[in-house]
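Asks: Handing over entry21.tsv, TSV, C-alpha atoms.
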```tsv
chain	number	residue	atom	x	y	z
N	19	MET	CA	-12.61	124.06	19.59
N	20	LYS	CA	-10.16	125.56	22.07
N	21	ILE	CA	-9.23	123.59	25.19
N	22	VAL	CA	-8.20	124.57	28.73
N	23	GLU	CA	-5.57	122.40	30.41
N	24	PRO	CA	-5.51	123.03	34.18
N	25	SER	CA	-1.93	122.84	35.46
N	26	LEU	CA	-1.40	120.42	38.32
N	27	LEU	CA	1.31	122.71	39.73
N	28	ALA	CA	-1.44	124.99	41.02
N	29	PHE	CA	-3.42	122.22	42.74
N	30	ASP	CA	-3.42	121.57	46.48
N	31	LEU	CA	-2.00	118.04	46.69
N	32	ASN	CA	-3.82	117.52	49.99
N	33	ARG	CA	-7.08	117.97	48.06
N	34	LEU	CA	-5.94	116.49	44.75
N	35	ASP	CA	-8.88	114.19	43.99
N	36	GLU	CA	-11.37	116.85	45.12
N	37	GLN	CA	-9.84	119.49	42.86
N	38	LEU	CA	-9.49	117.10	39.90
N	39	LYS	CA	-13.21	116.35	40.18
N	40	GLU	CA	-13.93	120.08	40.51
N	41	VAL	CA	-12.17	120.98	37.26
N	42	LYS	CA	-13.71	118.00	35.48
N	43	VAL	CA	-17.19	119.19	36.44
N	44	ALA	CA	-16.22	122.68	35.25
N	45	GLY	CA	-15.34	121.31	31.81
N	46	ALA	CA	-11.78	119.95	31.88
N	47	GLN	CA	-10.81	117.05	29.64
N	48	TYR	CA	-7.05	117.27	30.16
N	49	ILE	CA	-4.61	118.01	32.98
N	50	HIS	CA	-1.23	119.60	32.30
N	51	TYR	CA	1.33	117.59	34.25
N	52	ASP	CA	4.77	119.12	34.87
N	53	VAL	CA	7.81	116.97	35.55
N	54	MET	CA	11.04	118.62	36.75
N	55	ASP	CA	14.31	116.95	37.68
N	56	GLY	CA	15.99	119.73	39.67
N	57	ILE	CA	18.75	119.87	37.01
N	58	PHE	CA	17.22	121.22	33.80
N	59	VAL	CA	15.29	123.59	36.07
N	60	ASN	CA	15.95	124.23	39.77
N	61	ASN	CA	12.66	122.91	41.08
N	62	LYS	CA	11.30	119.39	41.20
N	63	ALA	CA	7.72	118.30	40.49
N	64	PHE	CA	5.68	115.13	40.13
N	65	GLY	CA	6.76	111.59	39.61
N	66	PRO	CA	4.33	109.36	37.72
N	67	GLN	CA	2.07	108.32	40.59
N	68	GLN	CA	-0.53	111.11	40.27
N	69	LEU	CA	-1.19	109.99	36.69
N	70	ILE	CA	-3.19	107.12	38.16
N	71	ASN	CA	-5.51	109.50	40.06
N	72	ILE	CA	-6.00	111.64	36.97
N	73	ASN	CA	-6.89	108.64	34.85
N	74	GLN	CA	-9.25	107.16	37.44
N	75	ILE	CA	-11.20	110.42	37.60
N	76	GLY	CA	-11.61	110.31	33.80
N	77	LEU	CA	-9.17	113.01	32.75
N	78	LYS	CA	-6.26	112.76	30.31
N	79	ALA	CA	-2.77	113.88	31.29
N	80	ASN	CA	-0.54	115.91	28.98
N	81	VAL	CA	2.93	115.53	30.48
N	82	HIS	CA	5.50	118.33	30.10
N	83	MET	CA	9.01	117.20	31.04
N	84	MET	CA	11.58	119.80	32.05
N	85	VAL	CA	14.44	117.32	32.45
N	86	GLN	CA	18.04	116.87	31.38
N	87	ASP	CA	17.68	113.27	30.10
N	88	PRO	CA	14.17	112.78	28.70
N	89	MET	CA	14.48	109.08	27.79
N	90	LEU	CA	15.51	108.21	31.34
N	91	TRP	CA	12.31	109.84	32.58
N	92	ILE	CA	10.12	108.59	29.73
N	93	LYS	CA	11.00	105.01	30.67
N	94	GLN	CA	9.89	105.70	34.27
N	95	PHE	CA	6.56	107.11	33.06
N	96	ILE	CA	5.71	104.93	30.07
N	97	ASP	CA	3.63	102.34	31.95
N	98	PHE	CA	1.44	105.01	33.52
N	99	PRO	CA	-1.63	106.44	31.74
N	100	MET	CA	-1.00	109.61	29.75
N	101	ASN	CA	-2.26	111.20	26.56
N	102	SER	CA	0.88	113.05	25.46
N	103	LEU	CA	4.41	113.89	26.50
N	104	THR	CA	6.53	116.88	25.49
N	105	PHE	CA	10.15	117.60	26.39
N	106	HIS	CA	12.72	120.30	25.71
N	107	PRO	CA	14.83	119.57	22.62
N	108	GLU	CA	18.05	121.42	23.43
N	109	VAL	CA	19.27	118.52	25.63
N	110	TYR	CA	19.32	116.01	22.71
N	111	ASN	CA	20.36	115.85	19.07
N	112	GLU	CA	17.76	115.24	16.38
N	113	THR	CA	18.41	111.49	16.17
N	114	GLN	CA	17.90	111.10	19.92
N	115	ILE	CA	14.68	113.11	19.76
N	116	LEU	CA	13.30	111.03	16.91
N	117	THR	CA	14.22	107.85	18.83
N	118	ALA	CA	12.20	109.15	21.79
N	119	PHE	CA	9.29	110.00	19.48
N	120	ASP	CA	9.37	106.50	17.98
N	121	PHE	CA	9.39	104.91	21.42
N	122	LEU	CA	6.45	106.99	22.63
N	123	HIS	CA	4.45	106.35	19.47
N	124	SER	CA	5.12	102.60	19.79
N	125	ARG	CA	3.40	102.81	23.19
N	126	HIS	CA	0.51	104.87	21.79
N	127	VAL	CA	1.53	108.11	23.51
N	128	LYS	CA	1.37	111.34	21.52
N	129	CYS	CA	4.50	113.45	21.77
N	130	GLY	CA	6.37	116.55	20.76
N	131	LEU	CA	8.57	119.41	21.87
N	132	ALA	CA	8.44	122.09	24.54
N	133	LEU	CA	10.04	125.39	23.60
N	134	LYS	CA	11.42	128.00	26.00
N	135	VAL	CA	10.69	131.63	25.17
N	136	ASN	CA	14.28	132.20	23.98
N	137	ILE	CA	14.44	129.09	21.75
N	138	ASP	CA	13.88	129.71	18.03
N	139	ALA	CA	11.05	127.42	16.86
N	140	ASN	CA	12.38	127.49	13.30
N	141	LYS	CA	15.48	125.62	14.46
N	142	TYR	CA	13.19	122.63	15.10
N	143	LYS	CA	10.99	122.88	12.03
N	144	ASN	CA	11.68	119.29	10.93
N	145	LEU	CA	10.91	117.88	14.38
N	146	LEU	CA	7.77	120.00	14.74
N	147	SER	CA	6.57	118.62	11.42
N	148	LYS	CA	6.71	115.18	13.09
N	149	SER	CA	5.22	116.23	16.45
N	150	ASP	CA	1.70	115.73	17.75
N	151	TYR	CA	2.02	118.51	20.34
N	152	VAL	CA	4.18	121.56	20.89
N	153	CYS	CA	4.23	123.31	24.25
N	154	VAL	CA	5.13	126.96	23.68
N	155	MET	CA	6.41	128.44	26.91
N	156	SER	CA	5.41	131.99	27.77
N	157	VAL	CA	7.27	132.10	31.10
N	158	GLU	CA	10.62	130.76	32.27
N	159	PRO	CA	10.16	127.04	32.96
N	160	GLY	CA	10.39	125.78	36.50
N	161	LYS	CA	7.76	127.46	38.67
N	162	GLY	CA	4.12	128.53	38.57
N	163	GLY	CA	2.54	131.92	39.07
N	164	GLN	CA	4.68	133.93	36.62
N	165	SER	CA	3.41	136.64	34.28
N	166	PHE	CA	3.08	136.13	30.53
N	167	MET	CA	6.16	137.19	28.55
N	168	GLU	CA	5.27	139.11	25.38
N	169	GLU	CA	8.29	137.61	23.57
N	170	ALA	CA	6.31	134.34	23.43
N	171	PHE	CA	4.35	135.79	20.51
N	172	ILE	CA	7.45	135.32	18.31
N	173	ASN	CA	7.45	131.56	18.77
N	174	LEU	CA	3.67	131.31	18.64
N	175	LYS	CA	3.66	132.89	15.20
N	176	LYS	CA	6.53	130.72	13.96
N	177	VAL	CA	4.94	127.52	15.27
N	178	LYS	CA	1.59	128.41	13.70
N	179	GLU	CA	3.32	128.91	10.33
N	180	ILE	CA	5.01	125.51	10.67
N	181	LYS	CA	1.68	123.95	11.57
N	182	ASP	CA	-0.10	125.53	8.61
N	183	GLN	CA	2.63	124.56	6.13
N	184	PHE	CA	3.80	121.15	7.31
N	185	ASN	CA	1.67	119.64	10.07
N	186	PRO	CA	-1.99	120.68	10.27
N	187	LYS	CA	-2.69	118.19	13.07
N	188	LEU	CA	-0.10	119.75	15.40
N	189	ILE	CA	-1.68	120.84	18.70
N	190	ILE	CA	-0.22	124.09	20.02
N	191	GLN	CA	-0.22	124.51	23.79
N	192	LEU	CA	0.49	127.86	25.43
N	193	ASP	CA	1.99	127.47	28.89
N	194	GLY	CA	2.63	130.26	31.35
N	195	GLY	CA	0.85	133.31	32.73
N	196	VAL	CA	-2.33	132.50	30.80
N	197	THR	CA	-5.37	134.59	31.73
N	198	THR	CA	-8.58	135.27	29.80
N	199	GLU	CA	-6.94	138.41	28.42
N	200	ILE	CA	-3.99	136.38	27.12
N	201	MET	CA	-6.38	133.79	25.72
N	202	LYS	CA	-8.08	136.51	23.66
N	203	LYS	CA	-4.77	137.91	22.40
N	204	THR	CA	-3.37	134.51	21.37
N	205	SER	CA	-6.45	132.63	20.22
N	206	ASP	CA	-5.40	132.75	16.54
N	207	TYR	CA	-2.34	130.65	17.37
N	208	VAL	CA	-3.28	128.38	20.30
N	209	ASP	CA	-5.29	125.16	20.57
N	210	HIS	CA	-4.77	124.33	24.25
N	211	PHE	CA	-4.38	126.98	26.95
N	212	VAL	CA	-2.45	125.82	30.04
N	213	THR	CA	-3.53	127.73	33.12
N	214	GLY	CA	-2.71	127.09	36.75
N	215	SER	CA	-2.99	129.70	39.47
N	216	PHE	CA	-5.30	131.94	37.41
N	217	LEU	CA	-7.84	129.11	36.96
N	218	MET	CA	-7.61	127.72	40.46
N	219	LYS	CA	-8.31	131.14	42.02
N	220	GLN	CA	-11.63	131.39	40.18
N	221	ASN	CA	-14.81	130.75	42.17
N	222	ASN	CA	-16.63	129.78	38.98
N	223	LYS	CA	-14.15	127.74	36.97
N	224	ALA	CA	-16.80	126.73	34.43
N	225	GLU	CA	-16.84	130.34	33.21
N	226	ILE	CA	-13.23	129.97	32.02
N	227	PHE	CA	-13.97	126.77	30.11
N	228	ASN	CA	-17.05	128.31	28.52
N	229	PHE	CA	-15.12	131.48	27.66
N	230	VAL	CA	-12.52	129.47	25.75
N	231	LYS	CA	-15.18	127.60	23.77
N	232	GLN	CA	-16.34	130.94	22.35
N	233	LEU	CA	-12.91	131.98	21.05
```
Write the structure described by the file as structure tokens, please.

Replies:
Amino acid sequence: MKIVEPSLLAFDLNRLDEQLKEVKVAGAQYIHYDVMDGIFVNNKAFGPQQLININQIGLKANVHMMVQDPMLWIKQFIDFPMNSLTFHPEVYNETQILTAFDFLHSRHVKCGLALKVNIDANKYKNLLSKSDYVCVMSVEPGKGGQSFMEEAFINLKKVKEIKDQFNPKLIIQLDGGVTTEIMKKTSDYVDHFVTGSFLMKQNNKAEIFNFVKQL
């Protein structure tokens, strides 16, 4: 079954608990939780504190780190409740990435890679074969509200091939510019659709969750 992950970037932080409850009632099980350090990308977003609110409301957080030194940030987050954590691999070598994976798994957190549109997924085939999640970007990382980039199909297809051949349990997230039209176009490749501003603008959010269940 396909899943919708509402992106916290599109929430009104002054109404955070209210909106978390709203998307849970609509059908959400997970929240997509972006972390930015102002270095890897220009913007900054979310320390670990909101993870407590998400957990208390009964939702699971999938954390996406856009940071220059993932282990530094992982250690700040590890004692907070989260389901999974992905980070961008180009900042580390393979040994460092596997060390981070081992640390996360030792604390019962699922993990994996996040891939920019211009990063070749095949370069990370070995790491993706050991990942629980892969976050395939379909916009430039760092800010919400962007339009889907068609080039993302290249990585989606490559990641799906890696999943089918080496890691059937790999969960493929699509992150960026996701609308119902994009969901239809990419449903053969995607398990979790990350959607922020598109979802939060909907008067009837349950319709989006029910739409995805039918894909």

Asks: May I ask for the distance between atom CA of Asn140 of chain N and atom CA of Val177 of chain N, given in Å to one decimal place?

Replies: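 That distance, rounded to one decimal, is 7.7 Å.
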
Asks: Report as a PyMOL selection string all protein, DNA and RNA residues lying within 8 Å of segment 118-135 of chain N, evaluated on only C-alpha atoms, omitting residues in the same chain fewer than 4 positions from it.

Replies: chain N and resi 82+89+96+100-107+114+139+145-146+148-159+167+169-170+173

Asks: Quick one: residues within 10 Å of Lys20 of chain N, only C-alpha atoms counted, chain neighbours fewer than 5 positions away excluded, as a count of residues only?

Replies: 13

Asks: For atom CA of Tyr110 of chain N and atom CA of Ile57 of chain N, determine how far apart the two atoms are, in Å to one decimal place.

Replies: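 Going from atom CA of Tyr110 of chain N over to atom CA of Ile57 of chain N covers 14.8 Å.
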
Asks: Quick check, in Å to one decimal: how far apart do atom CA of Asp97 of chain N and atom CA of Asp30 of chain N lie?

Replies: 25.1 Å

Asks: Could you model all heavy atoms for segment 110-121 of chain N and present them as a short mmCIF file (atom, residue, chain, number, x, y, z; two decimals), in the frame of the given file?

Replies:
```cif
data_model
loop_
_atom_site.label_atom_id
_atom_site.label_comp_id
_atom_site.auth_asym_id
_atom_site.auth_seq_id
_atom_site.Cartn_x
_atom_site.Cartn_y
_atom_site.Cartn_z
N TYR N 110 19.07 117.16 23.58
CA TYR N 110 19.32 116.01 22.71
C TYR N 110 19.63 116.48 21.29
O TYR N 110 19.25 117.58 20.89
CB TYR N 110 18.07 115.12 22.65
CG TYR N 110 17.90 114.11 23.75
CD1 TYR N 110 16.72 113.36 23.84
CD2 TYR N 110 18.90 113.87 24.70
CE1 TYR N 110 16.55 112.42 24.83
CE2 TYR N 110 18.72 112.93 25.69
CZ TYR N 110 17.54 112.20 25.76
OH TYR N 110 17.37 111.26 26.74
N ASN N 111 20.26 115.59 20.50
CA ASN N 111 20.36 115.85 19.07
C ASN N 111 19.11 115.31 18.38
O ASN N 111 18.26 114.65 19.00
CB ASN N 111 21.65 115.26 18.48
CG ASN N 111 21.72 113.73 18.60
OD1 ASN N 111 20.72 113.03 18.42
ND2 ASN N 111 22.91 113.21 18.88
N GLU N 112 18.99 115.60 17.08
CA GLU N 112 17.76 115.24 16.38
C GLU N 112 17.52 113.73 16.35
O GLU N 112 16.37 113.28 16.50
CB GLU N 112 17.78 115.80 14.95
CG GLU N 112 16.48 115.55 14.19
CD GLU N 112 16.33 116.45 12.97
OE1 GLU N 112 16.71 117.63 13.03
OE2 GLU N 112 15.82 115.93 11.96
N THR N 113 18.56 112.95 16.19
CA THR N 113 18.41 111.49 16.17
C THR N 113 17.86 110.98 17.50
O THR N 113 16.97 110.12 17.54
CB THR N 113 19.76 110.81 15.86
OG1 THR N 113 20.22 111.25 14.59
CG2 THR N 113 19.62 109.29 15.86
N GLN N 114 18.39 111.51 18.60
CA GLN N 114 17.90 111.10 19.92
C GLN N 114 16.43 111.49 20.12
O GLN N 114 15.65 110.73 20.70
CB GLN N 114 18.76 111.75 21.01
CG GLN N 114 20.16 111.21 21.11
CD GLN N 114 21.02 112.01 22.07
OE1 GLN N 114 21.15 113.24 21.93
NE2 GLN N 114 21.60 111.35 23.05
N ILE N 115 16.07 112.66 19.63
CA ILE N 115 14.68 113.11 19.76
C ILE N 115 13.75 112.21 18.95
O ILE N 115 12.69 111.78 19.46
CB ILE N 115 14.55 114.58 19.32
CG1 ILE N 115 15.30 115.49 20.30
CG2 ILE N 115 13.08 115.00 19.22
CD1 ILE N 115 15.45 116.93 19.84
N LEU N 116 14.13 111.90 17.74
CA LEU N 116 13.30 111.03 16.91
C LEU N 116 13.20 109.62 17.50
O LEU N 116 12.14 108.97 17.41
CB LEU N 116 13.84 110.98 15.49
CG LEU N 116 13.67 112.27 14.69
CD1 LEU N 116 14.41 112.18 13.36
CD2 LEU N 116 12.20 112.60 14.46
N THR N 117 14.27 109.14 18.14
CA THR N 117 14.22 107.85 18.83
C THR N 117 13.20 107.89 19.96
O THR N 117 12.42 106.94 20.15
CB THR N 117 15.61 107.48 19.38
OG1 THR N 117 16.53 107.36 18.29
CG2 THR N 117 15.57 106.17 20.14
N ALA N 118 13.19 108.99 20.71
CA ALA N 118 12.20 109.15 21.79
C ALA N 118 10.79 109.20 21.22
O ALA N 118 9.87 108.57 21.76
CB ALA N 118 12.51 110.41 22.59
N PHE N 119 10.60 109.95 20.13
CA PHE N 119 9.29 110.00 19.48
C PHE N 119 8.83 108.59 19.07
O PHE N 119 7.67 108.20 19.31
CB PHE N 119 9.34 110.89 18.24
CG PHE N 119 9.32 112.37 18.49
CD1 PHE N 119 9.40 112.90 19.77
CD2 PHE N 119 9.22 113.26 17.42
CE1 PHE N 119 9.38 114.27 19.99
CE2 PHE N 119 9.20 114.63 17.63
CZ PHE N 119 9.28 115.14 18.91
N ASP N 120 9.73 107.85 18.44
CA ASP N 120 9.37 106.50 17.98
C ASP N 120 8.97 105.61 19.15
O ASP N 120 8.01 104.83 19.05
CB ASP N 120 10.54 105.87 17.22
CG ASP N 120 10.75 106.47 15.84
OD1 ASP N 120 9.84 107.16 15.33
OD2 ASP N 120 11.84 106.26 15.26
N PHE N 121 9.71 105.71 20.24
CA PHE N 121 9.39 104.91 21.42
C PHE N 121 8.02 105.27 21.97
O PHE N 121 7.20 104.40 22.27
CB PHE N 121 10.46 105.10 22.49
CG PHE N 121 10.19 104.34 23.76
CD1 PHE N 121 10.28 102.96 23.79
CD2 PHE N 121 9.85 105.02 24.92
CE1 PHE N 121 10.03 102.25 24.97
CE2 PHE N 121 9.59 104.33 26.09
CZ PHE N 121 9.68 102.94 26.12
#
```
